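What follows is the content of protein33.csv (CSV, C-alpha atoms).
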```csv
chain,number,residue,atom,x,y,z
A,1273,MET,CA,0.0,0.0,0.0
A,1274,ASN,CA,1.4,3.4,-1.0
A,1275,THR,CA,1.1,5.8,2.0
A,1276,GLU,CA,3.2,8.6,0.6
A,1277,ALA,CA,0.4,10.2,-1.4
A,1278,PRO,CA,-2.1,10.4,1.6
A,1279,ALA,CA,0.7,11.6,3.9
A,1280,ALA,CA,1.7,14.3,1.4
A,1281,SER,CA,-2.0,15.3,1.0
A,1282,THR,CA,-2.4,15.6,4.8
A,1283,ALA,CA,0.7,17.7,5.1
A,1284,ALA,CA,-0.5,20.0,2.4
A,1285,SER,CA,-3.9,20.3,4.1
A,1286,GLN,CA,-2.3,21.1,7.4
A,1287,LEU,CA,0.0,23.7,5.8
A,1288,TYR,CA,-3.0,25.2,4.0
A,1289,ALA,CA,-4.9,25.6,7.3
A,1290,LEU,CA,-1.9,27.1,9.0
A,1291,LEU,CA,-1.0,29.6,6.3
A,1292,LYS,CA,-4.7,30.5,5.8
A,1293,ARG,CA,-5.1,31.3,9.5
A,1294,ASP,CA,-1.9,33.4,9.6
A,1295,LEU,CA,-3.0,35.4,6.6
A,1296,ILE,CA,-6.4,36.1,8.2
A,1297,ASP,CA,-4.8,36.9,11.6
A,1298,GLY,CA,-2.6,39.5,10.0
A,1299,ARG,CA,0.7,37.8,10.6
A,1300,PHE,CA,1.8,39.2,7.2
A,1301,THR,CA,1.6,42.9,6.4
A,1302,ALA,CA,-1.0,43.9,3.8
A,1303,GLY,CA,0.8,44.4,0.5
A,1304,GLN,CA,3.8,42.3,1.6
A,1305,LYS,CA,5.6,40.1,-0.9
A,1306,LEU,CA,6.1,36.6,0.5
A,1307,ALA,CA,9.6,35.2,0.4
A,1308,ILE,CA,9.5,31.6,-0.6
A,1309,THR,CA,12.7,30.7,1.3
A,1310,ALA,CA,11.5,32.3,4.5
A,1311,LEU,CA,8.2,30.5,4.3
A,1312,LYS,CA,9.9,27.1,3.8
A,1313,GLN,CA,12.0,27.7,6.9
A,1314,TYR,CA,9.2,29.0,9.0
A,1315,TYR,CA,6.7,26.3,8.2
A,1316,GLY,CA,9.3,23.5,7.8
A,1317,VAL,CA,8.1,22.4,4.4
A,1318,GLY,CA,9.4,21.7,1.0
A,1319,LEU,CA,9.0,23.8,-2.1
A,1320,SER,CA,6.4,21.6,-3.9
A,1321,PRO,CA,3.7,21.5,-1.1
A,1322,LEU,CA,4.4,25.2,-0.4
A,1323,ARG,CA,3.8,26.2,-4.0
A,1324,GLU,CA,0.6,24.1,-4.1
A,1325,VAL,CA,-0.8,25.8,-1.0
A,1326,LEU,CA,0.2,29.3,-2.2
A,1327,ASN,CA,-1.6,28.7,-5.5
A,1328,ARG,CA,-4.7,27.4,-3.6
A,1329,LEU,CA,-4.7,30.5,-1.4
A,1330,ALA,CA,-4.4,32.8,-4.4
A,1331,ALA,CA,-7.4,31.1,-6.0
A,1332,TYR,CA,-9.3,31.6,-2.7
A,1333,GLY,CA,-8.4,35.3,-2.8
A,1334,LEU,CA,-6.2,35.5,0.3
A,1335,LEU,CA,-3.0,36.0,-1.9
A,1336,GLU,CA,-2.3,37.7,-5.1
A,1337,GLN,CA,-0.1,35.9,-7.6
A,1338,GLU,CA,2.3,38.0,-9.6
A,1339,ASN,CA,3.4,36.7,-13.0
A,1340,GLN,CA,6.7,34.9,-12.5
A,1341,ARG,CA,7.3,37.1,-9.4
A,1342,GLY,CA,5.8,35.1,-6.6
A,1343,PHE,CA,3.0,35.9,-4.2
A,1344,ARG,CA,1.9,39.1,-2.4
A,1345,VAL,CA,-0.6,39.7,0.5
A,1346,PRO,CA,-3.5,41.7,-0.9
A,1347,ALA,CA,-3.8,45.3,0.2
A,1348,LEU,CA,-6.6,46.4,2.5
A,1349,LYS,CA,-9.0,48.6,0.5
A,1350,ARG,CA,-12.1,50.3,1.8
A,1351,SER,CA,-13.9,49.8,-1.5
A,1352,GLU,CA,-13.3,46.0,-1.2
A,1353,LEU,CA,-14.5,45.9,2.4
A,1354,ASP,CA,-17.7,47.8,1.4
A,1355,ASP,CA,-18.3,45.2,-1.3
A,1356,ILE,CA,-17.6,42.2,1.0
A,1357,THR,CA,-19.9,43.7,3.7
A,1358,ASP,CA,-22.7,44.2,1.2
A,1359,LEU,CA,-22.5,40.7,-0.1
A,1360,ARG,CA,-22.3,39.3,3.4
A,1361,GLN,CA,-25.5,41.0,4.4
A,1362,ARG,CA,-27.4,39.8,1.4
A,1363,LEU,CA,-26.1,36.2,1.2
A,1364,GLU,CA,-26.1,35.6,5.0
A,1365,GLY,CA,-29.6,37.2,5.2
A,1366,GLN,CA,-30.8,34.8,2.5
A,1367,ALA,CA,-29.1,31.8,4.2
A,1368,LEU,CA,-30.6,32.7,7.6
A,1369,ALA,CA,-34.1,32.9,6.2
A,1370,GLN,CA,-33.8,29.5,4.6
A,1371,ALA,CA,-32.2,28.0,7.7
A,1372,LEU,CA,-35.1,29.2,9.9
A,1373,GLN,CA,-37.5,27.5,7.5
A,1374,SER,CA,-35.6,24.2,7.5
A,1375,GLY,CA,-33.9,23.8,10.8
A,1376,GLY,CA,-35.2,21.1,13.1
A,1377,ASP,CA,-34.9,20.1,16.8
A,1378,GLU,CA,-31.4,18.8,16.3
A,1379,TRP,CA,-30.3,22.1,14.8
A,1380,GLU,CA,-31.9,24.0,17.6
A,1381,ALA,CA,-30.0,22.0,20.2
A,1382,GLY,CA,-26.8,22.5,18.3
A,1383,LEU,CA,-27.3,26.2,18.1
A,1384,LEU,CA,-27.9,26.5,21.8
A,1385,ALA,CA,-24.8,24.5,22.5
A,1386,ALA,CA,-22.8,26.7,20.1
A,1387,PHE,CA,-24.1,29.8,21.7
A,1388,HIS,CA,-23.2,28.5,25.2
A,1389,ARG,CA,-19.6,27.8,24.1
A,1390,LEU,CA,-19.4,31.3,22.6
A,1391,LYS,CA,-20.8,32.9,25.7
A,1392,ARG,CA,-18.2,31.1,27.8
A,1393,ALA,CA,-15.5,32.3,25.4
A,1394,ASP,CA,-16.8,35.8,25.8
A,1395,GLU,CA,-15.9,35.5,29.5
A,1396,ALA,CA,-12.2,34.8,28.7
A,1397,PRO,CA,-11.2,37.7,26.4
A,1398,GLU,CA,-7.5,36.9,26.8
A,1399,LYS,CA,-8.0,33.6,24.9
A,1400,LEU,CA,-8.7,35.5,21.6
A,1401,GLU,CA,-8.1,32.6,19.2
A,1402,HIS,CA,-10.4,30.4,21.1
A,1403,TRP,CA,-13.1,33.1,20.9
A,1404,GLU,CA,-12.6,33.4,17.2
A,1405,GLN,CA,-13.1,29.7,16.7
A,1406,MET,CA,-16.3,29.6,18.9
A,1407,HIS,CA,-17.6,32.7,17.1
A,1408,LEU,CA,-17.0,31.1,13.7
A,1409,GLN,CA,-18.7,27.9,14.8
A,1410,PHE,CA,-21.7,29.8,16.1
A,1411,HIS,CA,-22.3,31.6,12.8
A,1412,ARG,CA,-21.7,28.5,10.8
A,1413,HIS,CA,-24.3,26.5,12.8
A,1414,LEU,CA,-26.8,29.4,12.6
A,1415,LEU,CA,-26.8,29.1,8.8
A,1416,GLU,CA,-26.1,25.4,8.4
A,1417,PRO,CA,-29.6,24.1,7.5
A,1418,CYS,CA,-30.1,26.6,4.7
A,1419,GLY,CA,-29.9,23.8,2.2
A,1420,SER,CA,-27.4,25.2,-0.2
A,1421,PRO,CA,-23.7,24.0,0.1
A,1422,TRP,CA,-22.7,26.6,-2.5
A,1423,LEU,CA,-24.3,29.5,-0.6
A,1424,LEU,CA,-22.5,28.4,2.5
A,1425,ARG,CA,-19.2,28.1,0.6
A,1426,PHE,CA,-19.5,31.6,-0.7
A,1427,ILE,CA,-20.4,32.9,2.7
A,1428,GLU,CA,-17.4,31.2,4.3
A,1429,GLN,CA,-15.0,32.8,1.7
A,1430,LEU,CA,-16.6,36.2,2.3
A,1431,HIS,CA,-16.3,35.7,6.1
A,1432,ASP,CA,-12.6,34.9,5.8
A,1433,GLN,CA,-12.0,38.0,3.7
A,1434,PHE,CA,-13.9,40.2,6.1
A,1435,ASP,CA,-12.1,38.8,9.1
A,1436,ARG,CA,-8.7,39.8,7.5
A,1437,TYR,CA,-9.9,43.4,7.9
A,1438,ARG,CA,-11.6,43.0,11.3
A,1439,ARG,CA,-8.6,41.3,12.9
A,1440,MET,CA,-6.2,44.0,11.7
A,1441,ALA,CA,-8.4,46.9,12.9
A,1442,PRO,CA,-8.1,48.5,16.4
A,1443,ALA,CA,-10.3,46.8,19.0
A,1444,ASN,CA,-13.6,48.5,19.9
A,1445,ASP,CA,-14.8,47.1,23.2
A,1446,THR,CA,-18.1,49.1,23.1
A,1447,VAL,CA,-19.1,47.6,19.7
A,1448,ARG,CA,-17.8,44.2,20.8
A,1449,ALA,CA,-20.2,44.2,23.8
A,1450,THR,CA,-23.1,45.1,21.5
A,1451,LEU,CA,-22.2,42.4,19.0
A,1452,ASN,CA,-22.0,39.8,21.9
A,1453,ASP,CA,-25.5,40.8,23.0
A,1454,GLN,CA,-26.8,40.4,19.5
A,1455,HIS,CA,-25.7,36.7,19.4
A,1456,ALA,CA,-28.2,36.0,22.2
A,1457,GLN,CA,-30.9,37.9,20.4
A,1458,LEU,CA,-30.2,36.0,17.2
A,1459,VAL,CA,-30.7,32.7,19.1
A,1460,ASP,CA,-34.0,33.9,20.5
A,1461,LEU,CA,-35.3,35.0,17.1
A,1462,ALA,CA,-34.1,31.7,15.5
A,1463,MET,CA,-36.0,29.7,18.1
A,1464,THR,CA,-39.2,31.6,17.5
A,1465,ARG,CA,-38.6,31.4,13.7
A,1466,ASP,CA,-39.0,35.2,13.4
A,1467,ILE,CA,-37.4,35.4,9.9
A,1468,SER,CA,-37.9,39.1,9.3
A,1469,ALA,CA,-36.6,40.2,12.6
A,1470,ALA,CA,-33.7,37.7,12.6
A,1471,ARG,CA,-32.6,38.8,9.1
A,1472,ALA,CA,-32.7,42.5,10.0
A,1473,LEU,CA,-30.7,41.8,13.2
A,1474,LEU,CA,-28.1,39.8,11.3
A,1475,GLU,CA,-27.7,42.5,8.7
A,1476,GLU,CA,-27.2,45.0,11.6
A,1477,HIS,CA,-24.8,42.7,13.3
A,1478,ILE,CA,-22.6,42.6,10.1
A,1479,ARG,CA,-22.9,46.4,9.8
A,1480,LEU,CA,-21.7,46.9,13.3
A,1481,SER,CA,-18.8,44.6,12.7
A,1482,PHE,CA,-18.0,46.6,9.6
A,1483,GLU,CA,-17.7,49.7,11.8
A,1484,VAL,CA,-14.8,47.9,13.6
A,1485,ALA,CA,-13.3,46.4,10.4
A,1486,GLN,CA,-13.1,49.7,8.5
A,1487,GLY,CA,-10.4,50.8,11.1
A,1488,ALA,CA,-8.0,48.6,9.1
A,1489,CYS,CA,-8.5,50.8,6.1
A,1490,HIS,CA,-7.4,54.1,7.7
A,1491,GLY,CA,-5.8,56.2,5.0
A,1492,ARG,CA,-6.6,53.7,2.2
```
Take the structure I supplied and represent it as structure tokens, if you would.
Amino acid sequence: MNTEAPAASTAASQLYALLKRDLIDGRFTAGQKLAITALKQYYGVGLSPLREVLNRLAAYGLLEQENQRGFRVPALKRSELDDITDLRQRLEGQALAQALQSGGDEWEAGLLAAFHRLKRADEAPEKLEHWEQMHLQFHRHLLEPCGSPWLLRFIEQLHDQFDRYRRMAPANDTVRATLNDQHAQLVDLAMTRDISAARALLEEHIRLSFEVAQGACHGR
């Protein structure tokens, strides 16, 4: 049995997840050209899997590929953030409406559990990465039963692009507290299947998060 191919595939998947997280977290400066040699040393990988992952991330939109000149981290542009935010509001609003129509008892129980984990993470703000993961899981579960894998795929890509701005923006504790309160309100509206109010609240939730994220575009 040939185990080299699966092992290589697993290593590439792990590298993809690591580099994707670092790009979203802002480990690299917007507009920075990535040095292949430095990346090989930092992540401890060979050239072939690294280039495969860089190409995948460029196709995903988290890197820009320059003809024969390597890869660059995309700049942070207010016009792009405006576009991402508008699409998030429309697509996530649509997905939420469909999810509230389709979600059953198991989804409700999972949503309550996801909210509970997020609330506990809210109480430990020093564990930022843990909060980010619980926050992502909550929003994923909220929309999960929408019935459209492609819609969820587009939403996840927009969410990743949006988070690149949000995580590089200065913190705003006042807005963060309001956003946290809105998570509980979204759960309540989901449980009562109030589609109109839930969709309006989700759009407002994204707009408030945009107010924070636009801080990354200062002067751009």
>> Is it possible to get the residues within 12 Å of (-14.2, 49.0, -0.7) (coordinates as in the file, counting only C-alpha atoms) written as number ranges by chain?
In response: A: 1347-1359, 1434, 1437, 1482, 1485-1486, 1488-1490, 1492
Written selection (C-alpha atoms) as a PDB file, in the frame of the given file:
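Here's the written file result.pdb:
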```
ATOM      1  CA  ALA A1347      -3.800  45.300   0.200  1.00  0.00           C
ATOM      2  CA  LEU A1348      -6.600  46.400   2.500  1.00  0.00           C
ATOM      3  CA  LYS A1349      -9.000  48.600   0.500  1.00  0.00           C
ATOM      4  CA  ARG A1350     -12.100  50.300   1.800  1.00  0.00           C
ATOM      5  CA  SER A1351     -13.900  49.800  -1.500  1.00  0.00           C
ATOM      6  CA  GLU A1352     -13.300  46.000  -1.200  1.00  0.00           C
ATOM      7  CA  LEU A1353     -14.500  45.900   2.400  1.00  0.00           C
ATOM      8  CA  ASP A1354     -17.700  47.800   1.400  1.00  0.00           C
ATOM      9  CA  ASP A1355     -18.300  45.200  -1.300  1.00  0.00           C
ATOM     10  CA  ILE A1356     -17.600  42.200   1.000  1.00  0.00           C
ATOM     11  CA  THR A1357     -19.900  43.700   3.700  1.00  0.00           C
ATOM     12  CA  ASP A1358     -22.700  44.200   1.200  1.00  0.00           C
ATOM     13  CA  LEU A1359     -22.500  40.700  -0.100  1.00  0.00           C
ATOM     14  CA  PHE A1434     -13.900  40.200   6.100  1.00  0.00           C
ATOM     15  CA  TYR A1437      -9.900  43.400   7.900  1.00  0.00           C
ATOM     16  CA  PHE A1482     -18.000  46.600   9.600  1.00  0.00           C
ATOM     17  CA  ALA A1485     -13.300  46.400  10.400  1.00  0.00           C
ATOM     18  CA  GLN A1486     -13.100  49.700   8.500  1.00  0.00           C
ATOM     19  CA  ALA A1488      -8.000  48.600   9.100  1.00  0.00           C
ATOM     20  CA  CYS A1489      -8.500  50.800   6.100  1.00  0.00           C
ATOM     21  CA  HIS A1490      -7.400  54.100   7.700  1.00  0.00           C
ATOM     22  CA  ARG A1492      -6.600  53.700   2.200  1.00  0.00           C
TER      23      ARG A1492
END
```
Which polymer residues have any atom within 12 Å of an atom of region 1315-1325 of chain A, counting all atoms listed in the file, with same-chain residues fewer than 4 positions away left out, as a PDB file with C-alpha atoms, keeping the file's coordinate frame?
```pdb
ATOM      1  CA  ALA A1277       0.400  10.200  -1.400  1.00  0.00           C
ATOM      2  CA  ALA A1279       0.700  11.600   3.900  1.00  0.00           C
ATOM      3  CA  ALA A1280       1.700  14.300   1.400  1.00  0.00           C
ATOM      4  CA  SER A1281      -2.000  15.300   1.000  1.00  0.00           C
ATOM      5  CA  THR A1282      -2.400  15.600   4.800  1.00  0.00           C
ATOM      6  CA  ALA A1283       0.700  17.700   5.100  1.00  0.00           C
ATOM      7  CA  ALA A1284      -0.500  20.000   2.400  1.00  0.00           C
ATOM      8  CA  SER A1285      -3.900  20.300   4.100  1.00  0.00           C
ATOM      9  CA  GLN A1286      -2.300  21.100   7.400  1.00  0.00           C
ATOM     10  CA  LEU A1287       0.000  23.700   5.800  1.00  0.00           C
ATOM     11  CA  TYR A1288      -3.000  25.200   4.000  1.00  0.00           C
ATOM     12  CA  ALA A1289      -4.900  25.600   7.300  1.00  0.00           C
ATOM     13  CA  LEU A1290      -1.900  27.100   9.000  1.00  0.00           C
ATOM     14  CA  LEU A1291      -1.000  29.600   6.300  1.00  0.00           C
ATOM     15  CA  LYS A1292      -4.700  30.500   5.800  1.00  0.00           C
ATOM     16  CA  ASP A1294      -1.900  33.400   9.600  1.00  0.00           C
ATOM     17  CA  LEU A1306       6.100  36.600   0.500  1.00  0.00           C
ATOM     18  CA  ALA A1307       9.600  35.200   0.400  1.00  0.00           C
ATOM     19  CA  ILE A1308       9.500  31.600  -0.600  1.00  0.00           C
ATOM     20  CA  THR A1309      12.700  30.700   1.300  1.00  0.00           C
ATOM     21  CA  ALA A1310      11.500  32.300   4.500  1.00  0.00           C
ATOM     22  CA  LEU A1311       8.200  30.500   4.300  1.00  0.00           C
ATOM     23  CA  LEU A1329      -4.700  30.500  -1.400  1.00  0.00           C
ATOM     24  CA  ALA A1330      -4.400  32.800  -4.400  1.00  0.00           C
ATOM     25  CA  ALA A1331      -7.400  31.100  -6.000  1.00  0.00           C
ATOM     26  CA  TYR A1332      -9.300  31.600  -2.700  1.00  0.00           C
ATOM     27  CA  LEU A1334      -6.200  35.500   0.300  1.00  0.00           C
ATOM     28  CA  LEU A1335      -3.000  36.000  -1.900  1.00  0.00           C
ATOM     29  CA  GLN A1337      -0.100  35.900  -7.600  1.00  0.00           C
ATOM     30  CA  GLY A1342       5.800  35.100  -6.600  1.00  0.00           C
ATOM     31  CA  PHE A1343       3.000  35.900  -4.200  1.00  0.00           C
TER      32      PHE A1343
END
```
> Between A:Asn1444, A:Ser1420, A:Gln1454, A:Ser1468, which is the closest to Val1484 (chain A) once you count only C-alpha atoms?
Replying inline: A:Asn1444
>> Between CA of Asn1327 (chain A) and CA of Arg1438 (chain A), what distance in Å does the model show, to one decimal?
In response: 24.2 Å
What's the 9 Å shell around Ser1374 (chain A), counting all atoms listed in the file, without same-chain residues fewer than 5 positions away, as a short mmCIF file (atom, residue, chain, number, x, y, z; two decimals) with C-alpha atoms, in the frame of the given file?
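Okay, this is what ended up in around.cif:
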```
data_model
loop_
_atom_site.label_atom_id
_atom_site.label_comp_id
_atom_site.auth_asym_id
_atom_site.auth_seq_id
_atom_site.Cartn_x
_atom_site.Cartn_y
_atom_site.Cartn_z
CA ALA A 1369 -34.10 32.90 6.20
CA PRO A 1417 -29.60 24.10 7.50
CA CYS A 1418 -30.10 26.60 4.70
CA GLY A 1419 -29.90 23.80 2.20
#
```
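Interatomic distance, CA of Arg1293 (chain A) against CA of Glu1398 (chain A): 18.3 Å.
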>> Between CA of Ala1470 (chain A) and CA of Pro1442 (chain A), what distance in Å does the model show, to one decimal?
In response: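 Distance reported for this atom pair: 28.0 Å.
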> What would the list of residues within 9 Å of (-26.2, 29.0, 1.1) (file frame) look like as a ChimeraX atom specification, if all atoms listed in the file are what count?
Replying inline: /A:1363-1364,1366-1368,1370-1371,1415-1427
>> Neighbouring residues of Thr1446 (chain A) were defined as those with any atom within 12 Å, considering only C-alpha atoms; residues of the same chain fewer than 3 positions away were excluded. Please report them as a list in words.
In response: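 Counting only the stated atoms, we get Ala1443, Ala1449, Thr1450, Leu1451, Asn1452, Asp1453, Leu1480, Ser1481, Glu1483 and Val1484 of chain A.
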>> Considering only C-alpha atoms, can you say which of A:Leu1372, A:Arg1341, A:Arg1362, A:Gly1298 comes closest to Arg1465 (chain A)?
In response: A:Leu1372
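Using only C-alpha atoms for every distance, the candidate list A:His1477, A:Arg1344, A:Arg1299, A:His1407 yields A:His1407 as the residue closest to Lys1391 (chain A).
Proximity to His1413 (chain A) at 9 Å, evaluated using only C-alpha atoms and with sequence-adjacent residues fewer than 4 positions away removed, yields Trp1379, Gly1382, Leu1383, Ala1386, Leu1408, Gln1409 and Pro1417 of chain A.
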> Hey, which of A:Glu1395, A:Glu1378, A:Asp1297, A:Glu1338 ends up closest to Asp1435 (chain A)? Count all atoms listed in the file.
Replying inline: A:Asp1297
> Between A:Ile1478, A:Leu1295, A:Leu1384, A:Met1406, which one has atoms that come closest to His1431 (chain A), using all atoms listed in the file?
Replying inline: A:Ile1478
Where atoms are lacking, region 1354-1364 of chain A completed to all heavy atoms, as a PDB file, in the coordinates of the input:
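Saved to out_5.pdb:
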```pdb
ATOM      1  N   ASP A1354     -16.246  47.409   1.591  1.00  0.00           N
ATOM      2  CA  ASP A1354     -17.700  47.800   1.400  1.00  0.00           C
ATOM      3  C   ASP A1354     -18.356  46.685   0.554  1.00  0.00           C
ATOM      4  O   ASP A1354     -19.495  46.300   0.857  1.00  0.00           O
ATOM      5  CB  ASP A1354     -17.730  49.095   0.579  1.00  0.00           C
ATOM      6  CG  ASP A1354     -17.329  50.303   1.417  1.00  0.00           C
ATOM      7  OD1 ASP A1354     -17.270  50.177   2.650  1.00  0.00           O
ATOM      8  OD2 ASP A1354     -17.069  51.363   0.824  1.00  0.00           O
ATOM      9  N   ASP A1355     -17.692  46.190  -0.483  1.00  0.00           N
ATOM     10  CA  ASP A1355     -18.300  45.200  -1.300  1.00  0.00           C
ATOM     11  C   ASP A1355     -18.478  43.860  -0.573  1.00  0.00           C
ATOM     12  O   ASP A1355     -19.541  43.228  -0.665  1.00  0.00           O
ATOM     13  CB  ASP A1355     -17.330  44.927  -2.530  1.00  0.00           C
ATOM     14  CG  ASP A1355     -17.941  44.077  -3.627  1.00  0.00           C
ATOM     15  OD1 ASP A1355     -19.186  44.011  -3.713  1.00  0.00           O
ATOM     16  OD2 ASP A1355     -17.186  43.474  -4.399  1.00  0.00           O
ATOM     17  N   ILE A1356     -17.479  43.458   0.197  1.00  0.00           N
ATOM     18  CA  ILE A1356     -17.600  42.200   1.000  1.00  0.00           C
ATOM     19  C   ILE A1356     -18.726  42.335   1.992  1.00  0.00           C
ATOM     20  O   ILE A1356     -19.515  41.390   2.163  1.00  0.00           O
ATOM     21  CB  ILE A1356     -16.249  41.971   1.739  1.00  0.00           C
ATOM     22  CG1 ILE A1356     -15.140  41.621   0.750  1.00  0.00           C
ATOM     23  CG2 ILE A1356     -16.412  40.851   2.771  1.00  0.00           C
ATOM     24  CD1 ILE A1356     -13.750  41.628   1.357  1.00  0.00           C
ATOM     25  N   THR A1357     -18.836  43.484   2.646  1.00  0.00           N
ATOM     26  CA  THR A1357     -19.900  43.700   3.700  1.00  0.00           C
ATOM     27  C   THR A1357     -21.270  43.607   3.033  1.00  0.00           C
ATOM     28  O   THR A1357     -22.182  42.958   3.574  1.00  0.00           O
ATOM     29  CB  THR A1357     -19.689  45.021   4.364  1.00  0.00           C
ATOM     30  OG1 THR A1357     -18.394  45.067   4.969  1.00  0.00           O
ATOM     31  CG2 THR A1357     -20.748  45.230   5.440  1.00  0.00           C
ATOM     32  N   ASP A1358     -21.436  44.258   1.887  1.00  0.00           N
ATOM     33  CA  ASP A1358     -22.700  44.200   1.200  1.00  0.00           C
ATOM     34  C   ASP A1358     -23.124  42.817   0.819  1.00  0.00           C
ATOM     35  O   ASP A1358     -24.275  42.394   1.030  1.00  0.00           O
ATOM     36  CB  ASP A1358     -22.650  45.127  -0.046  1.00  0.00           C
ATOM     37  CG  ASP A1358     -23.938  45.073  -0.864  1.00  0.00           C
ATOM     38  OD1 ASP A1358     -24.991  45.481  -0.349  1.00  0.00           O
ATOM     39  OD2 ASP A1358     -23.884  44.609  -2.018  1.00  0.00           O
ATOM     40  N   LEU A1359     -22.170  42.065   0.281  1.00  0.00           N
ATOM     41  CA  LEU A1359     -22.500  40.700  -0.100  1.00  0.00           C
ATOM     42  C   LEU A1359     -22.748  39.818   1.110  1.00  0.00           C
ATOM     43  O   LEU A1359     -23.634  38.947   1.060  1.00  0.00           O
ATOM     44  CB  LEU A1359     -21.281  40.114  -0.902  1.00  0.00           C
ATOM     45  CG  LEU A1359     -21.155  40.618  -2.342  1.00  0.00           C
ATOM     46  CD1 LEU A1359     -19.828  40.171  -2.937  1.00  0.00           C
ATOM     47  CD2 LEU A1359     -22.317  40.118  -3.184  1.00  0.00           C
ATOM     48  N   ARG A1360     -22.003  40.024   2.194  1.00  0.00           N
ATOM     49  CA  ARG A1360     -22.300  39.300   3.400  1.00  0.00           C
ATOM     50  C   ARG A1360     -23.703  39.501   3.898  1.00  0.00           C
ATOM     51  O   ARG A1360     -24.414  38.548   4.266  1.00  0.00           O
ATOM     52  CB  ARG A1360     -21.297  39.649   4.524  1.00  0.00           C
ATOM     53  CG  ARG A1360     -19.938  38.979   4.468  1.00  0.00           C
ATOM     54  CD  ARG A1360     -19.224  39.126   5.806  1.00  0.00           C
ATOM     55  NE  ARG A1360     -19.956  38.437   6.865  1.00  0.00           N
ATOM     56  CZ  ARG A1360     -19.753  38.623   8.167  1.00  0.00           C
ATOM     57  NH1 ARG A1360     -18.844  39.507   8.576  1.00  0.00           N
ATOM     58  NH2 ARG A1360     -20.432  37.945   9.065  1.00  0.00           N
ATOM     59  N   GLN A1361     -24.119  40.737   3.924  1.00  0.00           N
ATOM     60  CA  GLN A1361     -25.500  41.000   4.400  1.00  0.00           C
ATOM     61  C   GLN A1361     -26.523  40.344   3.549  1.00  0.00           C
ATOM     62  O   GLN A1361     -27.476  39.758   4.077  1.00  0.00           O
ATOM     63  CB  GLN A1361     -25.695  42.542   4.416  1.00  0.00           C
ATOM     64  CG  GLN A1361     -24.935  43.270   5.513  1.00  0.00           C
ATOM     65  CD  GLN A1361     -25.169  44.770   5.488  1.00  0.00           C
ATOM     66  OE1 GLN A1361     -25.117  45.393   4.427  1.00  0.00           O
ATOM     67  NE2 GLN A1361     -25.417  45.352   6.631  1.00  0.00           N
ATOM     68  N   ARG A1362     -26.347  40.397   2.248  1.00  0.00           N
ATOM     69  CA  ARG A1362     -27.400  39.800   1.400  1.00  0.00           C
ATOM     70  C   ARG A1362     -27.353  38.291   1.405  1.00  0.00           C
ATOM     71  O   ARG A1362     -28.407  37.660   1.553  1.00  0.00           O
ATOM     72  CB  ARG A1362     -27.126  40.311  -0.070  1.00  0.00           C
ATOM     73  CG  ARG A1362     -27.523  41.761  -0.276  1.00  0.00           C
ATOM     74  CD  ARG A1362     -27.547  42.129  -1.738  1.00  0.00           C
ATOM     75  NE  ARG A1362     -26.227  42.433  -2.252  1.00  0.00           N
ATOM     76  CZ  ARG A1362     -25.917  42.450  -3.538  1.00  0.00           C
ATOM     77  NH1 ARG A1362     -26.826  42.131  -4.439  1.00  0.00           N
ATOM     78  NH2 ARG A1362     -24.701  42.768  -3.944  1.00  0.00           N
ATOM     79  N   LEU A1363     -26.171  37.701   1.292  1.00  0.00           N
ATOM     80  CA  LEU A1363     -26.100  36.200   1.200  1.00  0.00           C
ATOM     81  C   LEU A1363     -26.403  35.601   2.587  1.00  0.00           C
ATOM     82  O   LEU A1363     -27.099  34.582   2.664  1.00  0.00           O
ATOM     83  CB  LEU A1363     -24.739  35.800   0.729  1.00  0.00           C
ATOM     84  CG  LEU A1363     -24.385  36.192  -0.708  1.00  0.00           C
ATOM     85  CD1 LEU A1363     -23.058  35.570  -1.121  1.00  0.00           C
ATOM     86  CD2 LEU A1363     -25.482  35.779  -1.679  1.00  0.00           C
ATOM     87  N   GLU A1364     -25.875  36.168   3.666  1.00  0.00           N
ATOM     88  CA  GLU A1364     -26.100  35.600   5.000  1.00  0.00           C
ATOM     89  C   GLU A1364     -27.592  35.808   5.398  1.00  0.00           C
ATOM     90  O   GLU A1364     -28.184  34.965   6.085  1.00  0.00           O
ATOM     91  CB  GLU A1364     -25.175  36.158   6.025  1.00  0.00           C
ATOM     92  CG  GLU A1364     -23.746  35.694   5.796  1.00  0.00           C
ATOM     93  CD  GLU A1364     -22.772  36.146   6.868  1.00  0.00           C
ATOM     94  OE1 GLU A1364     -23.140  36.129   8.058  1.00  0.00           O
ATOM     95  OE2 GLU A1364     -21.633  36.501   6.512  1.00  0.00           O
TER      96      GLU A1364
END
```
